[in-house]
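Since the structure comes first, as structure tokens, the remarks are kept for the end.
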Amino acid sequence: MNNIPRLNVIVLISGEGTNLQTLIDAEKAGKINTRIKAVFSDRPKIPGIKRANRANIPTHCLTRSNFPNRAKYELELASHIDSYEPGLIVLAGFMKVLGAGFVSHFQGQIINIHPSLLPRYRGLDTHRRVLEAGEEKHGATVHFVTEELDGGPRIIQYRIPIKAKESEAELAQRIHEGEYIILLQAVAWLASQRLALEGSDVILDNQKLESPILIEGKHERSP
Ligand code: GAR
């Protein structure tokens, strides 16, 4: 890491904040060259806010219903975030769709963790939909955020085989564990300036990624 300044990170959450916790713990342990400057949520009293409080990270809750329209909400959100001079914005379970104005303001600086093997299963309820479709594999993706919902250039994916008769809860838990691995890896790359978005290309170690880096989860426990 040497001379590379710490990357100012803003994390946006809507719920449990276990991905946020992973980042907090890794930063504390010196595993990522970051400074989590603030956590923003769109909902009050969520567990993720308590995690930030425990780590002495400033928190802000901006609820959409307090604004007359999405544009005004996002303008306010962007202006609060700007005040922290962020180098990276992490959507870690943030369940609001962010519009073109917000995304272009932070062009190339926003990443999202999504619980599916994108481009498959964008949107909500991915675990249930994957099970209902009888898929053999499932996973999670970290990608740069563009205006297209869950459609931005992919950086890294985690993939596991689905067990026979696996429940939605168990699958969700196993995917969550993989999310922590790939989110941490993507943030570590960004913080060490090894990863960037150039146009619509993902550049890792000066080379264009033709496809996302794939981490295969363990073929643990036979069904
Ligand atoms: C994670 O599974 C994340 O992939 C998902 O929300 C969960 C948040 O968990 N994000 C989305 O579905 C975004 N479309 P966490 O609050 O414990 O980190």
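Chain lettering (A, B, ...) mirrors the order of the structure tokens, residue numbering begins at 1 for each chain separately, and ligand numbering begins at 1 in order of display.
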Report task. Grab me every residue within 10 Å of ligand 1, counting only C-alpha atoms and all ligand atoms, and send it over as JSON, numbers by chain. Result -> {"A": [12, 13, 14, 15, 16, 17, 18, 19, 20, 21, 22, 46, 47, 48, 91, 92, 93, 94, 95, 96, 97, 112, 113, 114, 115, 116, 121, 122, 123, 124, 125, 126, 127, 139, 140, 141, 142, 149, 150, 172, 173, 175, 176, 177, 178, 179, 180, 183]}
Query - helix (DSSP H, G or I) per DSSP on the backbone: members of chain A, as a PyMOL selection string - result: chain A and resi 18-28+47-54+64-66+70-82+100-105+126-132+168-191
**Report entry** Every residue of chain A that DSSP places in strand (DSSP E or B), as number ranges by chain
**Finding:** A: 7-13, 34-41, 59-61, 88-91, 110-114, 137-144, 154-161, 195-198, 201-204, 207-208, 213-216
Report summary line: Counting only C-alpha atoms, the residue among A:Asn56, A:Asn8, A:Thr146, A:Gln207 that lies closest to Ile36 in chain A is A:Asn8
Query raised in the report: Excluding same-chain residues fewer than 3 positions from range 62-67 of chain A, what lies within 9 Å of it counting only C-alpha atoms, as number ranges by chain?
Result: A: 40-44, 70-74, 76-77, 96
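Coordinates place CA of Ile32 in chain A at a distance of 12.9 Å from CA of Leu88 in chain A.
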